[in-house]
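Participant: A single structure is presented below for examination.
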Amino acid sequence: YRRQRQMCIRDRFHSYPSNPNSYVSTFTHWNSLMGDPALQMWTGIPQSFQTTYSNSITRGTNFIDVHVADSDGNNLKGALVTILKGNDVVFESGYTDASGNITLPVTTTTSGNMTVTITENNYIPHQGTIIITDPESNVNLITSQIEIDDDSNAASNGNGDGYLNNGETVELTIPIRNFGSDDLTGVVGELVSNSNNVTVVSNSISYGNINSGESITPNETFVFEIDNSVIEGSEVELRLTLEDDNNNSWNGVLSYNCLLYTSDAADDTPCVD
């Protein structure tokens, strides 16, 4: 039993109906006095995390990678990672995978501090800070304006429903914005896949020059193919690297959490990407 509430309920079932010497009442009051019944209890000697994440990201970056290991450096699966900025301006949580990794979305384009909290049973909680900076040279993708083209025109080949299906070839239009105060020249974008069975076949686009505060939607598209073996519920993660003539670079993530198994638009059910 990891939580006070679970311990309290177990004691009630174990002691009733005899309730010797009012132990049930005493134990229940003791739990109430100790605080939140959902508080996790240590059941062994608590360990320390080893954590890896960037101490700062630039304004407009839409993700943060976190790696969690145990005190011996072994990857830790199932650690709960939460990022929080302000009054829930950013509030995202998730559990690390078998490799101890998790990528969480950063859903703000404002600068400031963001708190990272990591917890797991029998581990000392970790809390740190990520600073969202506002540098003079700063460009990144505009997540809300990304367009998926999966019709059967030009380079794409799909059912045209606007979602990702197995067996499709998809064109992706990725607009970018200059969040900084400097005008940038020679901006180029390169797209790679972090997912198995997804292959980027047209991976580079020249965005050219982009002035401060300006947004650009390119005429060219990135193109990627989804293997027939991909099943419904699979996650597709793509990463865009932007670089300018001065060798400055920035990164963004595109994550689609639902792939539909069918290739017939009439049979598709909507999903959120």
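To be explicit about the labels: the chains of the structure tokens are called A, B, and onward in the order shown, and within each one the residues are counted from 1, while ligands get numbers from 1 in the order they are shown.
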Find the residues near Thr143 in chain A: any atom within 8 Å, counting only C-alpha atoms, skip ones fewer than 3 places away on the same chain, and give them as a list in words.

Facilitator: Asn62, Ile146, Ile174 and Leu254 of chain A

Participant: Within 12 Å of range 148-157 of chain A, counting only C-alpha atoms, which residues qualify if same-chain residues fewer than 6 places away don't, as a ChimeraX atom specification?

Facilitator: /A:163-175,201-202,220-226,254,256,263-265,273

Participant: Now that the selection is made, can you save its residues with N, CA and C atoms as a JSON list (two decimals), in the first residue's frame?

Facilitator:
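After the write, selection-v9.json holds the following:
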[["chain", "number", "residue", "atom", "x", "y", "z"],
["A", 163, "TYR", "N", -6.13, 13.23, -41.76],
["A", 163, "TYR", "CA", -5.52, 12.49, -40.67],
["A", 163, "TYR", "C", -4.45, 11.55, -41.23],
["A", 164, "LEU", "N", -3.62, 11.02, -40.34],
["A", 164, "LEU", "CA", -2.56, 10.13, -40.77],
["A", 164, "LEU", "C", -3.04, 8.68, -40.74],
["A", 165, "ASN", "N", -2.95, 8.02, -41.88],
["A", 165, "ASN", "CA", -3.36, 6.62, -41.99],
["A", 165, "ASN", "C", -2.18, 5.77, -42.44],
["A", 166, "ASN", "N", -2.23, 4.50, -42.10],
["A", 166, "ASN", "CA", -1.19, 3.59, -42.57],
["A", 166, "ASN", "C", -1.21, 3.51, -44.09],
["A", 167, "GLY", "N", -0.01, 3.41, -44.67],
["A", 167, "GLY", "CA", 0.11, 3.28, -46.11],
["A", 167, "GLY", "C", 0.06, 4.58, -46.88],
["A", 168, "GLU", "N", -0.12, 5.69, -46.20],
["A", 168, "GLU", "CA", -0.25, 6.97, -46.90],
["A", 168, "GLU", "C", 1.11, 7.63, -47.13],
["A", 169, "THR", "N", 1.15, 8.46, -48.17],
["A", 169, "THR", "CA", 2.24, 9.41, -48.38],
["A", 169, "THR", "C", 1.67, 10.80, -48.12],
["A", 170, "VAL", "N", 2.28, 11.53, -47.21],
["A", 170, "VAL", "CA", 1.70, 12.77, -46.70],
["A", 170, "VAL", "C", 2.61, 13.95, -47.01],
["A", 171, "GLU", "N", 1.98, 15.04, -47.48],
["A", 171, "GLU", "CA", 2.67, 16.32, -47.62],
["A", 171, "GLU", "C", 2.39, 17.17, -46.39],
["A", 172, "LEU", "N", 3.42, 17.82, -45.89],
["A", 172, "LEU", "CA", 3.31, 18.60, -44.67],
["A", 172, "LEU", "C", 3.80, 20.02, -44.93],
["A", 173, "THR", "N", 2.92, 20.99, -44.71],
["A", 173, "THR", "CA", 3.29, 22.40, -44.81],
["A", 173, "THR", "C", 3.55, 22.94, -43.42],
["A", 174, "ILE", "N", 4.78, 23.41, -43.17],
["A", 174, "ILE", "CA", 5.16, 23.86, -41.82],
["A", 174, "ILE", "C", 5.55, 25.34, -41.88],
["A", 175, "PRO", "N", 4.66, 26.24, -41.42],
["A", 175, "PRO", "CA", 5.01, 27.66, -41.36],
["A", 175, "PRO", "C", 5.97, 27.92, -40.19],
["A", 201, "VAL", "N", 10.76, 11.41, -47.01],
["A", 201, "VAL", "CA", 11.34, 11.26, -48.35],
["A", 201, "VAL", "C", 11.72, 12.60, -48.97],
["A", 202, "SER", "N", 11.12, 13.67, -48.50],
["A", 202, "SER", "CA", 11.51, 15.03, -48.91],
["A", 202, "SER", "C", 11.72, 15.82, -47.64],
["A", 220, "GLU", "N", 6.87, 25.10, -50.76],
["A", 220, "GLU", "CA", 7.26, 23.69, -50.79],
["A", 220, "GLU", "C", 6.70, 22.94, -49.60],
["A", 221, "THR", "N", 6.63, 21.63, -49.70],
["A", 221, "THR", "CA", 6.15, 20.79, -48.59],
["A", 221, "THR", "C", 7.19, 19.73, -48.26],
["A", 222, "PHE", "N", 7.21, 19.34, -46.99],
["A", 222, "PHE", "CA", 7.92, 18.13, -46.59],
["A", 222, "PHE", "C", 7.03, 16.94, -46.94],
["A", 223, "VAL", "N", 7.65, 15.80, -47.25],
["A", 223, "VAL", "CA", 6.89, 14.61, -47.62],
["A", 223, "VAL", "C", 7.40, 13.42, -46.82],
["A", 224, "PHE", "N", 6.47, 12.64, -46.24],
["A", 224, "PHE", "CA", 6.87, 11.42, -45.54],
["A", 224, "PHE", "C", 5.88, 10.30, -45.82],
["A", 225, "GLU", "N", 6.38, 9.08, -45.69],
["A", 225, "GLU", "CA", 5.60, 7.89, -45.96],
["A", 225, "GLU", "C", 5.35, 7.11, -44.67],
["A", 226, "ILE", "N", 4.13, 6.60, -44.53],
["A", 226, "ILE", "CA", 3.75, 5.79, -43.37],
["A", 226, "ILE", "C", 3.61, 4.34, -43.84],
["A", 254, "LEU", "N", 6.76, 17.77, -34.00],
["A", 254, "LEU", "CA", 5.40, 17.52, -34.48],
["A", 254, "LEU", "C", 5.02, 16.13, -34.02],
["A", 256, "TYR", "N", 1.85, 13.33, -33.55],
["A", 256, "TYR", "CA", 0.49, 12.92, -33.87],
["A", 256, "TYR", "C", 0.22, 11.60, -33.15],
["A", 263, "SER", "N", -7.67, 2.72, -44.58],
["A", 263, "SER", "CA", -7.25, 3.66, -45.62],
["A", 263, "SER", "C", -8.44, 4.20, -46.40],
["A", 264, "ASP", "N", -9.64, 3.93, -45.93],
["A", 264, "ASP", "CA", -10.86, 4.41, -46.56],
["A", 264, "ASP", "C", -11.45, 5.52, -45.72],
["A", 265, "ALA", "N", -11.55, 6.73, -46.29],
["A", 265, "ALA", "CA", -12.01, 7.87, -45.52],
["A", 265, "ALA", "C", -13.40, 7.65, -44.94],
["A", 273, "ASP", "N", -4.96, 15.18, -33.13],
["A", 273, "ASP", "CA", -3.53, 15.09, -33.36],
["A", 273, "ASP", "C", -2.84, 16.25, -32.70]]

Participant: Write out as number ranges by chain which residues come within 6 Å of Gly100 in chain A when counting only C-alpha atoms, dropping same-chain ones fewer than 6 positions away.

Facilitator: A: 67-68, 75-77

Participant: Env of Asn251 in chain A: 9 Å cut, atoms = only C-alpha atoms, seq-sep filter 4 positions within chain, self excluded. Answer as a PDB file with N, CA, C and O atoms, in the first residue's frame.

Facilitator:
ATOM      1  N   THR A  61       9.911  27.476 -28.740  1.00  0.00           N
ATOM      2  CA  THR A  61      10.184  26.034 -28.711  1.00  0.00           C
ATOM      3  C   THR A  61       8.966  25.320 -28.134  1.00  0.00           C
ATOM      4  O   THR A  61       8.460  25.702 -27.078  1.00  0.00           O
ATOM      5  N   ASN A  62       8.495  24.281 -28.813  1.00  0.00           N
ATOM      6  CA  ASN A  62       7.203  23.682 -28.436  1.00  0.00           C
ATOM      7  C   ASN A  62       7.322  22.343 -27.712  1.00  0.00           C
ATOM      8  O   ASN A  62       6.351  21.594 -27.637  1.00  0.00           O
ATOM      9  N   PHE A  63       8.526  22.036 -27.165  1.00  0.00           N
ATOM     10  CA  PHE A  63       8.680  20.758 -26.468  1.00  0.00           C
ATOM     11  C   PHE A  63       9.840  20.845 -25.486  1.00  0.00           C
ATOM     12  O   PHE A  63      10.681  21.735 -25.547  1.00  0.00           O
ATOM     13  N   ASN A 140      11.096  29.633 -35.058  1.00  0.00           N
ATOM     14  CA  ASN A 140      10.603  28.274 -34.840  1.00  0.00           C
ATOM     15  C   ASN A 140       9.289  28.076 -35.572  1.00  0.00           C
ATOM     16  O   ASN A 140       8.727  29.029 -36.132  1.00  0.00           O
ATOM     17  N   LEU A 141       8.815  26.838 -35.552  1.00  0.00           N
ATOM     18  CA  LEU A 141       7.593  26.510 -36.283  1.00  0.00           C
ATOM     19  C   LEU A 141       6.359  27.083 -35.585  1.00  0.00           C
ATOM     20  O   LEU A 141       6.384  27.379 -34.384  1.00  0.00           O
ATOM     21  N   ARG A 239      10.667  15.698 -36.116  1.00  0.00           N
ATOM     22  CA  ARG A 239      11.408  16.820 -35.541  1.00  0.00           C
ATOM     23  C   ARG A 239      11.959  17.703 -36.660  1.00  0.00           C
ATOM     24  O   ARG A 239      12.555  17.212 -37.611  1.00  0.00           O
ATOM     25  N   LEU A 240      11.734  18.996 -36.491  1.00  0.00           N
ATOM     26  CA  LEU A 240      12.197  19.978 -37.464  1.00  0.00           C
ATOM     27  C   LEU A 240      13.373  20.756 -36.878  1.00  0.00           C
ATOM     28  O   LEU A 240      13.279  21.307 -35.777  1.00  0.00           O
ATOM     29  N   THR A 241      14.479  20.797 -37.620  1.00  0.00           N
ATOM     30  CA  THR A 241      15.631  21.619 -37.263  1.00  0.00           C
ATOM     31  C   THR A 241      15.731  22.779 -38.246  1.00  0.00           C
ATOM     32  O   THR A 241      15.732  22.567 -39.465  1.00  0.00           O
ATOM     33  N   LEU A 242      15.779  23.994 -37.725  1.00  0.00           N
ATOM     34  CA  LEU A 242      15.926  25.199 -38.532  1.00  0.00           C
ATOM     35  C   LEU A 242      17.316  25.777 -38.305  1.00  0.00           C
ATOM     36  O   LEU A 242      17.794  25.830 -37.166  1.00  0.00           O
TER      37      LEU A 242
END

Participant: Would you please give, as a PyMOL selection string, all residues of range 19-128 of chain A that DSSP assigns to strand (DSSP E) based on the backbone?

Facilitator: chain A and resi 50-52+56-58+63-69+80-85+90-95+101-105+112-119+126-128

Participant: Which residues are near Ile57 in chain A? Cut-off 8 Å, only C-alpha atoms, ignore same chain within fewer than 4 positions. Put them as a PyMOL selection string.

Facilitator: chain A and resi 61+130-133

Participant: Restricting the calculation to only C-alpha atoms: of A:Met41, A:Val90, A:Leu191, A:Met114, which residue gets closest to Ser204 in chain A?

Facilitator: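 Distance minimum relative to Ser204 in chain A lands on A:Leu191.
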
Participant: Would you mind listing what lies within 9 Å of Gly128 in chain A as a ChimeraX atom specification, with only C-alpha atoms counted and same-chain residues fewer than 4 positions away left out?

Facilitator: /A:55,114-118

Participant: With distances taken over only C-alpha atoms, which residue among A:Asp182, A:Asp70, A:Glu214, A:Asp97 lies nearest Ile124 in chain A?

Facilitator: A:Asp70
